[in-house]
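Engineer: Just so it is clear, I am handing over target_20.txt, which has compact mmCIF, C-alpha atoms.
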# COMPACT_ATOMS: atom_id res chain seq x y z
CA MET A 1 94.59 52.67 91.26
CA THR A 2 95.83 49.38 89.89
CA SER A 3 99.33 49.03 91.15
CA THR A 4 101.92 47.34 89.08
CA PRO A 5 103.65 44.60 91.05
CA ILE A 6 107.00 45.76 92.24
CA SER A 7 109.80 43.29 92.48
CA SER A 8 111.54 43.62 95.79
CA SER A 9 115.19 44.32 95.62
CA ALA A 10 117.76 42.92 97.95
CA THR A 11 117.81 46.03 100.14
CA ALA A 12 114.06 46.10 100.52
CA GLY A 13 113.93 42.61 101.89
CA SER A 14 112.20 39.72 100.25
CA GLY A 15 108.76 38.19 100.00
CA ALA A 16 106.18 39.92 102.15
CA GLY A 17 108.73 42.35 103.53
CA PRO A 18 108.00 46.02 104.05
CA GLU A 19 106.70 48.06 101.19
CA PRO A 20 109.60 49.37 99.14
CA ARG A 21 110.35 53.03 99.82
CA VAL A 22 112.54 55.52 98.04
CA ASP A 23 114.12 58.84 98.94
CA ARG A 24 112.10 61.95 98.14
CA PHE A 25 113.34 64.82 100.32
CA ASP A 26 116.77 65.15 101.91
CA ALA A 27 117.38 66.52 105.41
CA THR A 28 117.81 70.12 104.26
CA GLU A 29 114.62 70.06 102.22
CA ARG A 30 112.65 68.65 105.15
CA LEU A 31 114.16 71.06 107.64
CA PHE A 32 113.49 73.95 105.29
CA HIS A 33 109.85 72.91 104.97
CA TRP A 34 109.26 72.63 108.74
CA ALA A 35 111.36 75.66 109.65
CA PHE A 36 108.88 77.53 107.52
CA ALA A 37 105.67 75.61 108.22
CA VAL A 38 105.70 75.55 112.03
CA PRO A 39 106.19 79.28 112.67
CA PHE A 40 103.93 80.02 109.70
CA LEU A 41 101.02 78.06 111.18
CA VAL A 42 101.48 79.85 114.52
CA THR A 43 101.52 83.17 112.68
CA LEU A 44 98.41 82.24 110.73
CA ALA A 45 96.48 81.13 113.82
CA THR A 46 97.33 84.24 115.82
CA GLY A 47 96.72 86.43 112.78
CA LEU A 48 93.22 85.03 112.38
CA ALA A 49 92.57 85.72 116.07
CA LEU A 50 93.62 89.33 115.57
CA TYR A 51 91.41 89.73 112.51
CA PHE A 52 88.10 88.06 113.26
CA PRO A 53 85.97 89.55 116.07
CA GLU A 54 84.70 86.24 117.44
CA LEU A 55 88.21 84.81 117.63
CA ALA A 56 89.38 88.12 119.06
CA LYS A 57 87.00 87.63 121.98
CA LEU A 58 88.30 84.13 122.56
CA ALA A 59 91.82 85.44 122.41
CA GLY A 60 91.04 88.30 124.79
CA ASN A 61 94.64 88.99 125.53
CA ARG A 62 95.28 90.98 122.39
CA GLU A 63 98.73 92.07 123.43
CA LEU A 64 99.96 88.50 123.88
CA VAL A 65 98.35 87.28 120.66
CA ARG A 66 99.85 90.25 118.84
CA ASP A 67 103.32 89.62 120.22
CA ILE A 68 103.20 85.92 119.35
CA HIS A 69 102.05 86.87 115.86
CA ARG A 70 104.95 89.27 115.40
CA PHE A 71 107.65 86.93 116.60
CA ALA A 72 106.26 83.85 114.84
CA GLY A 73 106.12 85.98 111.70
CA LEU A 74 109.78 86.90 112.08
CA PHE A 75 110.72 83.27 112.64
CA THR A 76 108.73 82.22 109.56
CA VAL A 77 111.34 84.11 107.56
CA LEU A 78 114.42 83.72 109.77
CA PHE A 79 114.29 79.96 110.38
CA PRO A 80 114.18 78.98 106.68
CA VAL A 81 116.94 81.49 105.94
CA LEU A 82 119.01 79.86 108.66
CA VAL A 83 118.43 76.42 107.11
CA LEU A 84 119.45 77.82 103.73
CA ALA A 85 122.59 79.31 105.21
CA LEU A 86 123.68 76.18 107.05
CA GLY A 87 122.25 73.30 105.02
CA ASP A 88 123.22 71.48 101.85
CA ARG A 89 121.29 73.48 99.29
CA SER A 90 121.88 71.30 96.23
CA ASN A 91 118.53 69.50 96.28
CA LEU A 92 116.63 72.65 97.18
CA ARG A 93 118.21 74.39 94.21
CA ARG A 94 116.99 71.57 92.00
CA ASP A 95 113.51 71.94 93.53
CA VAL A 96 113.42 75.65 92.71
CA THR A 97 114.33 74.88 89.10
CA GLU A 98 111.62 72.22 89.02
CA VAL A 99 109.06 74.70 90.32
CA ASP A 100 110.13 77.26 87.75
CA LEU A 101 110.15 75.10 84.61
CA TRP A 102 106.82 73.80 83.30
CA SER A 103 106.80 71.34 80.42
CA GLY A 104 103.95 71.10 77.96
CA ASP A 105 102.65 68.17 80.01
CA ASP A 106 102.77 70.31 83.18
CA ARG A 107 100.66 72.98 81.56
CA GLN A 108 98.26 70.35 80.26
CA TRP A 109 98.11 68.75 83.74
CA PHE A 110 97.24 72.07 85.35
CA ARG A 111 94.47 72.80 82.86
CA ALA A 112 93.08 69.26 83.14
CA TRP A 113 93.24 69.37 86.95
CA LEU A 114 91.32 72.64 87.10
CA TRP A 115 88.87 71.35 84.50
CA ARG A 116 88.25 68.23 86.61
CA LYS A 117 87.08 70.42 89.50
CA VAL A 118 84.07 71.33 87.37
CA GLY A 119 83.41 67.83 86.06
CA GLY A 120 85.95 67.50 83.25
CA LYS A 121 87.41 64.07 82.52
CA ASP A 122 90.60 65.08 80.74
CA ARG A 123 93.59 62.83 81.19
CA LEU A 124 96.24 64.02 83.64
CA PRO A 125 99.60 63.65 81.87
CA PRO A 126 102.38 61.89 83.82
CA GLN A 127 104.22 64.26 86.14
CA GLY A 128 107.80 64.58 87.31
CA ARG A 129 109.17 65.32 90.78
CA PHE A 130 106.43 67.90 91.34
CA ASN A 131 103.15 68.16 89.54
CA SER A 132 102.18 71.57 88.25
CA GLY A 133 99.69 72.04 91.08
CA GLN A 134 102.55 71.69 93.55
CA LYS A 135 104.62 74.04 91.43
CA PHE A 136 101.85 76.59 91.41
CA ASN A 137 101.43 76.28 95.19
CA ALA A 138 105.15 76.81 95.76
CA ALA A 139 105.32 79.92 93.55
CA LEU A 140 102.12 81.33 95.03
CA THR A 141 103.38 80.76 98.56
CA ALA A 142 106.70 82.44 97.81
CA GLY A 143 104.97 85.49 96.32
CA CYS A 144 102.51 85.85 99.17
CA ILE A 145 105.18 85.33 101.83
CA PHE A 146 107.28 88.03 100.20
CA TRP A 147 104.51 90.58 100.64
CA LEU A 148 103.48 89.31 104.07
CA ALA A 149 107.08 89.72 105.24
CA VAL A 150 107.59 93.15 103.70
CA THR A 151 104.27 94.61 104.86
CA GLY A 152 104.59 92.85 108.22
CA LEU A 153 107.92 94.56 108.81
CA ILE A 154 106.49 97.96 107.88
CA ILE A 155 103.73 97.64 110.46
CA PHE A 156 106.09 96.13 113.05
CA PRO A 157 106.21 98.04 116.35
CA GLY A 158 108.81 100.68 116.91
CA ILE A 159 108.74 101.80 113.32
CA HIS A 160 106.36 104.71 112.85
CA PRO A 161 105.75 105.11 109.15
CA PRO A 162 103.19 107.61 107.87
CA PHE A 163 99.54 106.56 108.01
CA TRP A 164 99.18 106.00 104.24
CA LEU A 165 102.07 103.53 104.32
CA VAL A 166 100.70 101.67 107.34
CA SER A 167 97.29 101.64 105.72
CA ASN A 168 98.45 100.30 102.36
CA SER A 169 100.72 97.76 104.03
CA ARG A 170 97.88 96.53 106.19
CA ASN A 171 95.64 96.14 103.15
CA LEU A 172 98.24 94.26 101.16
CA HIS A 173 98.97 92.08 104.23
CA ASP A 174 95.27 91.22 104.36
CA LEU A 175 95.08 90.49 100.64
CA ALA A 176 98.16 88.26 100.79
CA TRP A 177 96.87 86.07 103.62
CA ILE A 178 93.44 85.87 102.06
CA ILE A 179 95.04 84.49 98.89
CA LEU A 180 97.53 82.26 100.70
CA THR A 181 95.25 80.70 103.32
CA PRO A 182 93.09 78.67 100.89
CA ALA A 183 96.29 77.40 99.26
CA VAL A 184 97.61 76.33 102.68
CA ILE A 185 94.34 74.59 103.52
CA GLY A 186 94.43 72.79 100.15
CA HIS A 187 98.06 71.80 100.71
CA VAL A 188 97.42 70.41 104.19
CA PHE A 189 94.32 68.59 102.97
CA LEU A 190 96.11 66.91 100.06
CA ALA A 191 99.24 66.15 102.08
CA ALA A 192 97.69 64.86 105.29
CA ILE A 193 94.02 64.00 104.74
CA TYR A 194 93.06 63.09 101.17
CA PRO A 195 93.62 59.29 100.98
CA PRO A 196 95.04 58.99 97.44
CA THR A 197 97.75 61.57 98.02
CA ARG A 198 98.51 61.36 101.74
CA PRO A 199 100.90 58.36 101.49
CA GLY A 200 103.37 60.96 100.23
CA LEU A 201 103.32 62.70 103.62
CA SER A 202 106.15 60.53 104.94
CA GLY A 203 108.38 62.15 102.32
CA ILE A 204 108.52 65.41 104.26
CA ILE A 205 108.86 63.63 107.63
CA THR A 206 111.21 60.68 107.15
CA GLY A 207 112.36 61.62 103.67
CA LYS A 208 111.11 58.39 102.12
CA VAL A 209 107.90 57.61 100.27
CA PRO A 210 106.37 54.33 99.06
CA LEU A 211 107.81 53.59 95.64
CA ALA A 212 104.38 52.55 94.33
CA TRP A 213 102.93 55.89 95.36
CA LEU A 214 105.76 57.81 93.70
CA ARG A 215 105.46 55.78 90.50
CA HIS A 216 101.77 56.49 90.36
CA HIS A 217 101.82 60.21 91.18
CA HIS A 218 105.26 61.26 89.95
CA PRO A 219 106.22 58.63 87.36
CA LEU A 220 108.78 60.90 85.69
CA ALA A 221 110.65 61.68 88.92
CA PRO A 222 114.20 60.26 88.83
CA GLU A 223 113.61 58.35 92.08
CA ALA A 224 110.64 56.59 90.49
CA GLN A 225 112.96 55.09 87.86
CA SER A 226 115.37 53.47 90.29
CA PRO A 227 114.99 49.86 91.41
CA ALA A 228 112.85 49.40 94.48
CA GLY A 229 114.44 50.36 97.74
CA ASP A 230 117.50 51.78 96.04
CA MET B 1 118.95 74.06 81.67
CA GLN B 2 115.71 74.56 79.89
CA ALA B 3 114.62 71.63 77.77
CA PRO B 4 112.56 72.21 74.62
CA GLY B 5 108.92 72.85 75.38
CA GLN B 6 109.62 74.01 78.92
CA ARG B 7 108.60 77.46 80.03
CA ARG B 8 109.63 79.45 83.06
CA ILE B 9 106.14 79.65 84.52
CA GLY B 10 107.03 79.27 88.20
CA ARG B 11 108.98 82.50 88.29
CA ARG B 12 106.30 84.24 86.27
CA ILE B 13 103.71 83.39 88.91
CA PHE B 14 106.08 84.65 91.61
CA LEU B 15 106.98 87.84 89.76
CA ALA B 16 103.36 88.48 88.82
CA LEU B 17 102.45 88.36 92.52
CA LEU B 18 105.24 90.81 93.35
CA ALA B 19 104.12 93.17 90.61
CA GLY B 20 100.45 92.77 91.45
CA GLY B 21 101.12 93.45 95.12
CA GLY B 22 103.08 96.56 94.22
CA VAL B 23 100.29 97.87 92.03
CA VAL B 24 97.69 97.12 94.68
CA ALA B 25 99.79 98.74 97.42
CA ALA B 26 100.27 101.85 95.32
CA GLY B 27 96.58 101.88 94.49
CA GLY B 28 95.69 102.76 98.03
CA ALA B 29 93.04 101.76 100.46
CA GLN B 30 89.98 102.29 98.29
CA ALA B 31 90.32 98.97 96.52
CA PHE B 32 90.28 97.23 99.85
CA GLY B 33 86.99 98.05 101.38
CA ALA B 34 85.97 95.14 99.18
CA ILE B 35 87.94 92.53 101.13
CA GLY B 36 85.67 92.58 104.15
CA ARG B 37 82.70 92.10 101.86
CA LEU B 38 84.04 88.96 100.17
CA PRO B 39 81.49 86.16 100.64
CA VAL B 40 83.52 83.96 102.99
CA ILE B 41 84.85 86.83 105.07
CA LYS B 42 81.66 88.83 105.24
CA GLY B 43 80.05 86.67 107.90
CA PHE B 44 82.97 87.14 110.25
CA VAL B 45 83.87 90.79 110.14
CA PRO B 46 81.78 93.79 111.18
CA GLN B 47 80.15 95.46 108.23
CA ASP B 48 80.39 99.01 109.55
CA GLY B 49 84.04 99.26 108.56
CA PHE B 50 85.34 98.91 112.11
CA TYR B 51 87.55 96.10 113.29
CA TYR B 52 86.92 94.72 116.75
CA TYR B 53 89.74 95.11 119.26
CA THR B 54 89.57 94.14 122.88
CA VAL B 55 92.21 93.53 125.52
CA SER B 56 90.23 91.36 127.91
CA SER B 57 88.12 88.26 127.41
CA ASP B 58 85.19 89.73 129.36
CA GLU B 59 83.21 92.15 127.30
CA PRO B 60 81.12 94.48 129.45
CA THR B 61 77.42 94.27 128.67
CA PHE B 62 74.86 97.05 128.73
CA ASP B 63 71.21 96.22 129.34
CA GLY B 64 69.98 99.48 127.85
CA ASN B 65 69.20 101.08 131.22
CA ASN B 66 71.84 100.76 133.88
CA TRP B 67 75.24 102.22 133.23
CA PRO B 68 76.45 104.23 136.21
CA LEU B 69 79.23 106.61 135.28
CA ARG B 70 81.48 107.66 138.14
CA ILE B 71 83.30 111.00 137.96
CA GLU B 72 85.91 111.29 140.71
CA GLY B 73 89.45 112.30 141.61
CA LEU B 74 90.39 115.95 141.83
CA VAL B 75 86.84 117.30 141.78
CA GLU B 76 84.75 119.27 144.26
CA ASN B 77 81.73 117.16 143.61
CA PRO B 78 82.38 113.45 142.92
CA VAL B 79 79.24 112.12 141.29
CA THR B 80 77.76 108.97 139.83
CA LEU B 81 75.54 109.73 136.88
CA THR B 82 72.95 107.26 135.68
CA PHE B 83 72.46 106.57 131.99
CA HIS B 84 69.23 108.57 132.16
CA ASP B 85 71.03 111.54 133.73
CA LEU B 86 73.42 111.46 130.81
CA MET B 87 70.70 111.27 128.22
CA ALA B 88 69.09 114.33 129.80
CA LEU B 89 72.24 116.43 129.27
CA ALA B 90 72.71 118.57 126.18
CA GLN B 91 73.63 116.22 123.35
CA SER B 92 76.26 116.78 120.71
CA ASP B 93 75.96 115.32 117.24
CA GLN B 94 79.14 115.19 115.19
CA VAL B 95 80.52 113.49 112.08
CA HIS B 96 84.22 112.64 111.93
CA ASP B 97 86.55 110.27 110.10
CA TYR B 98 87.74 107.49 112.39
CA MET B 99 91.38 106.45 112.12
CA CYS B 100 93.10 103.49 113.75
CA VAL B 101 96.85 103.62 114.25
CA THR B 102 97.09 100.08 112.80
CA GLY B 103 96.18 101.42 109.40
CA TRP B 104 92.46 101.30 108.90
CA ALA B 105 90.01 104.16 108.73
CA VAL B 106 86.27 104.65 108.53
CA PRO B 107 85.10 107.83 106.82
CA LYS B 108 82.31 110.00 108.19
CA VAL B 109 81.21 108.29 111.37
CA ARG B 110 78.38 110.04 113.17
CA TRP B 111 78.62 110.13 116.96
CA GLN B 112 75.99 111.35 119.42
CA GLY B 113 76.33 112.00 123.13
CA PRO B 114 77.05 114.74 125.65
CA LEU B 115 80.38 116.52 125.55
CA VAL B 116 82.97 115.42 128.08
CA SER B 117 83.31 119.08 128.96
CA THR B 118 79.69 119.19 130.14
CA ARG B 119 80.23 116.28 132.45
CA LEU B 120 83.40 117.74 133.89
CA ASP B 121 81.45 120.88 134.76
CA ILE B 122 79.00 118.81 136.77
CA ALA B 123 81.82 117.46 138.93
CA ARG B 124 83.57 120.85 139.20
CA PRO B 125 87.29 120.08 138.69
CA LEU B 126 89.72 121.41 141.31
CA PRO B 127 92.42 123.82 140.09
CA THR B 128 95.03 121.11 140.68
CA ALA B 129 93.42 118.77 138.11
CA SER B 130 95.40 118.84 134.87
CA ALA B 131 94.42 115.59 133.16
CA VAL B 132 91.51 113.19 132.79
CA SER B 133 91.62 109.40 132.69
CA PHE B 134 88.84 107.36 131.11
CA ASP B 135 88.53 103.83 132.48
CA SER B 136 86.76 100.96 130.78
CA ALA B 137 84.30 98.69 132.55
CA ASP B 138 86.40 95.78 131.29
CA GLY B 139 88.67 96.65 134.22
CA VAL B 140 91.77 96.70 132.04
CA TYR B 141 91.66 99.42 129.44
CA THR B 142 92.26 103.06 130.21
CA ASP B 143 93.48 106.14 128.42
CA SER B 144 93.85 109.79 129.24
CA LEU B 145 93.71 113.32 127.89
CA THR B 146 95.02 116.60 129.20
CA MET B 147 92.32 118.83 130.67
CA ALA B 148 92.61 121.14 127.65
CA GLU B 149 92.16 118.24 125.22
CA ALA B 150 89.25 116.79 127.17
CA ARG B 151 87.47 120.16 127.09
CA ARG B 152 87.69 120.54 123.32
CA PRO B 153 84.23 120.72 121.75
CA GLU B 154 84.82 117.59 119.61
CA VAL B 155 85.38 115.32 122.60
CA LEU B 156 82.27 113.44 123.61
CA LEU B 157 81.13 110.26 125.29
CA ALA B 158 79.02 108.68 122.60
CA HIS B 159 76.04 106.44 123.26
CA ALA B 160 74.96 106.36 119.61
CA LYS B 161 76.77 105.81 116.33
CA ASP B 162 75.39 106.44 112.85
CA GLY B 163 71.97 107.16 114.30
CA ALA B 164 71.59 103.91 116.26
CA PRO B 165 72.40 103.00 119.86
CA LEU B 166 76.04 102.08 120.20
CA ALA B 167 76.66 98.35 119.60
CA GLN B 168 78.21 96.18 122.30
CA ASP B 169 81.39 95.66 120.30
CA ARG B 170 81.70 99.39 119.68
CA GLY B 171 81.67 100.15 123.40
CA ALA B 172 78.06 100.39 124.66
CA ALA B 173 76.91 102.08 126.78
CA LEU B 174 79.53 104.82 126.52
CA ARG B 175 82.56 105.29 124.35
CA LEU B 176 85.02 108.14 124.39
CA VAL B 177 85.32 109.87 121.03
CA VAL B 178 88.44 111.97 120.39
CA PRO B 179 88.22 112.76 116.68
CA PHE B 180 91.58 114.51 116.39
CA MET B 181 93.47 111.49 117.74
CA PHE B 182 93.96 107.87 116.73
CA GLY B 183 91.29 105.42 117.84
CA TYR B 184 93.20 103.92 120.75
CA LYS B 185 92.46 107.11 122.72
CA GLY B 186 88.77 106.21 122.51
CA THR B 187 88.19 104.02 125.56
CA LYS B 188 85.16 101.75 125.07
CA TRP B 189 82.69 100.82 127.82
CA VAL B 190 83.65 103.92 129.85
CA ASN B 191 82.30 103.72 133.39
CA ARG B 192 84.73 105.95 135.27
CA ILE B 193 86.28 109.35 134.67
CA ARG B 194 89.15 110.30 136.99
CA LEU B 195 90.69 113.73 137.25
CA THR B 196 94.38 113.65 138.06
CA ALA B 197 97.21 116.07 138.77
CA THR B 198 99.48 114.53 136.13
CA GLN B 199 98.47 112.70 132.98
CA GLU B 200 98.36 108.93 133.39
CA ILE B 201 99.76 106.61 130.76
CA GLY B 202 97.12 104.62 128.86
CA TYR B 203 96.94 100.88 128.20
CA TRP B 204 98.64 100.77 124.80
CA GLU B 205 100.92 103.66 125.72
CA GLN B 206 102.36 101.52 128.52
CA ARG B 207 103.05 99.08 125.68
CA GLY B 208 104.88 101.42 123.37
CA TYR B 209 102.27 103.66 121.74
CA ASP B 210 102.72 107.44 121.76
CA VAL B 211 100.89 109.28 124.54
CA ASP B 212 100.49 112.00 121.93
CA ALA B 213 98.00 110.30 119.61
CA TYR B 214 97.30 113.28 117.35
CA LEU B 215 96.45 112.22 113.81
CA LYS B 216 99.41 112.70 111.55
The structure in this file should be written as structure tokens.
Structural biologist:
Amino acid sequence: MTSTPISSSATAGSGAGPEPRVDRFDATERLFHWAFAVPFLVTLATGLALYFPELAKLAGNRELVRDIHRFAGLFTVLFPVLVLALGDRSNLRRDVTEVDLWSGDDRQWFRAWLWRKVGGKDRLPPQGRFNSGQKFNAALTAGCIFWLAVTGLIIFPGIHPPFWLVSNSRNLHDLAWIILTPAVIGHVFLAAIYPPTRPGLSGIITGKVPLAWLRHHHPLAPEAQSPAGD
Amino acid sequence: MQAPGQRRIGRRIFLALLAGGGVVAAGGAQAFGAIGRLPVIKGFVPQDGFYYYTVSSDEPTFDGNNWPLRIEGLVENPVTLTFHDLMALAQSDQVHDYMCVTGWAVPKVRWQGPLVSTRLDIARPLPTASAVSFDSADGVYTDSLTMAEARRPEVLLAHAKDGAPLAQDRGAALRLVVPFMFGYKGTKWVNRIRLTATQEIGYWEQRGYDVDAYLK
């Protein structure tokens, strides 16, 4: 990437001061993300141990693993709901709208991005607050979590539904995590490991991202328009 | 506020997943045998349709020869049978659907082994014995049947499944098979049978499962 020089504003210091950073996610957005992500990862790890024989042997204590899985699964839904109930939802509402609405450029970006995976060289159109890959990931996650939560509740202990319902719920639960897990792996890879995109990680931790990064990856985002360090 | 050229694709993806999940759920289990055969998953899950459950980190191992089975408790003749003793008994050969209470099933599993009833006869139960506990060599798992249930002609201690010696993960050397009940009644790695005056509560039953595990 060839970065355009960014003139430092008064608030960002002068000369060789720190790299200018701008707001990306507010406190509620960040809390919402982690209130979901932490229990989800615990649920995923224990779920894999319940499913795969070799991990099952490592786990050994099936009852404990099962109980952790159940409660972490409950918290994966309850914690984010709590954040929604108590937090300032205005930015999250905007995010949902962003995820929902795809411009012509978004659709083109998604096609070009997929095409690049198999060697295509199509241009990626400039993207707004979220690119359409992120939008797709968010919608996919929401859909899979819906079914994981519903089917997880059906097979929760203490409820004794008929065998066909347990059986179908179990199958759908399996299908949902098999679809969702690759998306989660891709998300973690792009957010925390892949060098070109990982500078954005600070956005979901401190709330701020390097302005240069935002201008490169999300040039149409409102925050990318503002003067540096604003 | 939808600007020109924008489409509501995010919600379509979400709603399509809800609808797709509903269709799949309604479609039943048949479509799903395929999941365990997906390329990535295939290497990690057993291909005989069973899932592997264990409650201890030590899996008992069977060397193919030595598997002493102790029959004790309220019996006239407490005995320890060797694996070869057991193989010399009259063998039963039965095919049953296997059903796990957690929602998976394997159709038409063939089990071979002597009936539990035959073994009880060897030990000669006392009149006071009303139930039978089956303990696993893992030292943790146990489950029980009433005497009447244990004597039913479908109840056997299998050493072979689908025509081959029982696999380690399936409970070799001996696994209790109770075809009319959910799978958790089927103790794996059985090395002790105890006759008791009252029915004992099994491992998962102490943790909330029904003692009555009849298939519903």
Engineer: Using all atoms listed in the file, find each residue of chain A with at least one atom at most 8 Å away from an atom of chain B; report its shortest atom-to-atom pair and that distance in Å (one decimal), sort the rows by chain and rising residue number, and return the result as a tab-separated table.
Structural biologist:
residue	atom	partner	partner_atom	distance
A:Leu50	CA	B:Tyr53	CA	7.9
A:Tyr51	CA	B:Tyr51	CA	7.5
A:Phe52	CA	B:Val45	CA	5.9
A:Pro53	CA	B:Tyr52	CA	5.3
A:Glu54	CA	B:Phe44	CA	7.4
A:Ala56	CA	B:Tyr53	CA	7.0
A:Lys57	CA	B:Ser57	CA	5.6
A:Leu58	CA	B:Ser57	CA	6.4
A:Ala59	CA	B:Ser57	CA	6.8
A:Gly60	CA	B:Ser57	CA	3.9
A:Asn61	CA	B:Val55	CA	5.1
A:Arg62	CA	B:Val55	CA	5.1
A:Glu63	CA	B:Val55	CA	7.0
A:Val99	CA	B:Gly10	CA	5.4
A:Asp100	CA	B:Gly10	CA	3.7
A:Leu101	CA	B:Arg8	CA	4.6
A:Trp102	CA	B:Gln6	CA	5.2
A:Ser103	CA	B:Gln6	CA	4.2
A:Gly104	CA	B:Gly5	CA	5.9
A:Lys135	CA	B:Gly10	CA	6.6
A:Phe136	CA	B:Gly10	CA	6.7
A:Ala139	CA	B:Phe14	CA	5.2
A:Leu140	CA	B:Phe14	CA	6.2
A:Ala142	CA	B:Phe14	CA	6.6
A:Gly143	CA	B:Phe14	CA	4.9
A:Cys144	CA	B:Leu17	CA	7.1
A:Phe146	CA	B:Leu18	CA	7.7
A:Trp147	CA	B:Gly21	CA	7.1
A:Ile155	CA	B:Thr102	CA	7.5
A:Pro157	CA	B:Gly208	CA	7.9
A:Gly158	CA	B:Gly208	CA	7.6
A:Pro162	CA	B:Lys216	CA	7.3
A:Phe163	CA	B:Gly103	CA	6.3
A:Trp164	CA	B:Gly103	CA	7.5
A:Val166	CA	B:Gly103	CA	5.0
A:Ser167	CA	B:Gly103	CA	3.9
A:Asn168	CA	B:Ala25	CA	5.4
A:Ser169	CA	B:Ala25	CA	6.7
A:Arg170	CA	B:Gly103	CA	6.1
A:Asn171	CA	B:Phe32	CA	6.4
A:Leu172	CA	B:Ala25	CA	6.0
A:Leu175	CA	B:Ile35	CA	7.4
Engineer: Range 31-43 of chain A: which residues within 7 Å, counting only C-alpha atoms, same-chain residues fewer than 3 positions away excluded, as a list in words?
Structural biologist: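 The filter keeps Ala27, Thr28, Thr46, Gly47, His69, Ala72, Gly73, Phe75, Thr76, Phe79, Pro80 and Val83 of chain A.
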Engineer: Create the file for the chosen residues now, containing C-alpha atoms and written as a compact mmCIF listing (two decimals), keeping the file's coordinate frame.
Structural biologist:
# COMPACT_ATOMS: atom_id res chain seq x y z
CA ALA A 27 117.38 66.52 105.41
CA THR A 28 117.81 70.12 104.26
CA THR A 46 97.33 84.24 115.82
CA GLY A 47 96.72 86.43 112.78
CA HIS A 69 102.05 86.87 115.86
CA ALA A 72 106.26 83.85 114.84
CA GLY A 73 106.12 85.98 111.70
CA PHE A 75 110.72 83.27 112.64
CA THR A 76 108.73 82.22 109.56
CA PHE A 79 114.29 79.96 110.38
CA PRO A 80 114.18 78.98 106.68
CA VAL A 83 118.43 76.42 107.11
Engineer: Any idea what the distance is between CA of Asp67 in chain A and CA of Leu82 in chain A?
Structural biologist: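 That distance, rounded to one decimal, is 21.8 Å.
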Engineer: Just how far from CA of His159 in chain B is CA of Pro114 in chain B, in Å to one decimal?
Structural biologist: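 Taking CA of Pro114 in chain B as the start and CA of His159 in chain B as the end point, the length is 8.7 Å.
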Engineer: As an exercise, work out the distance from CA of Pro107 in chain B to CA of Val177 in chain B in Å and give it to one decimal place.
Structural biologist: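 Pair CA of Pro107 in chain B / CA of Val177 in chain B returns 14.4 Å.
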Engineer: Given the choices B:Thr196, B:Ser92, B:Asn191, B:Thr118, which gets closest to Ala158 in chain B if the distance is worked out from all atoms listed in the file?
Structural biologist: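 For Ala158 in chain B, the nearest of the given residues is B:Ser92.
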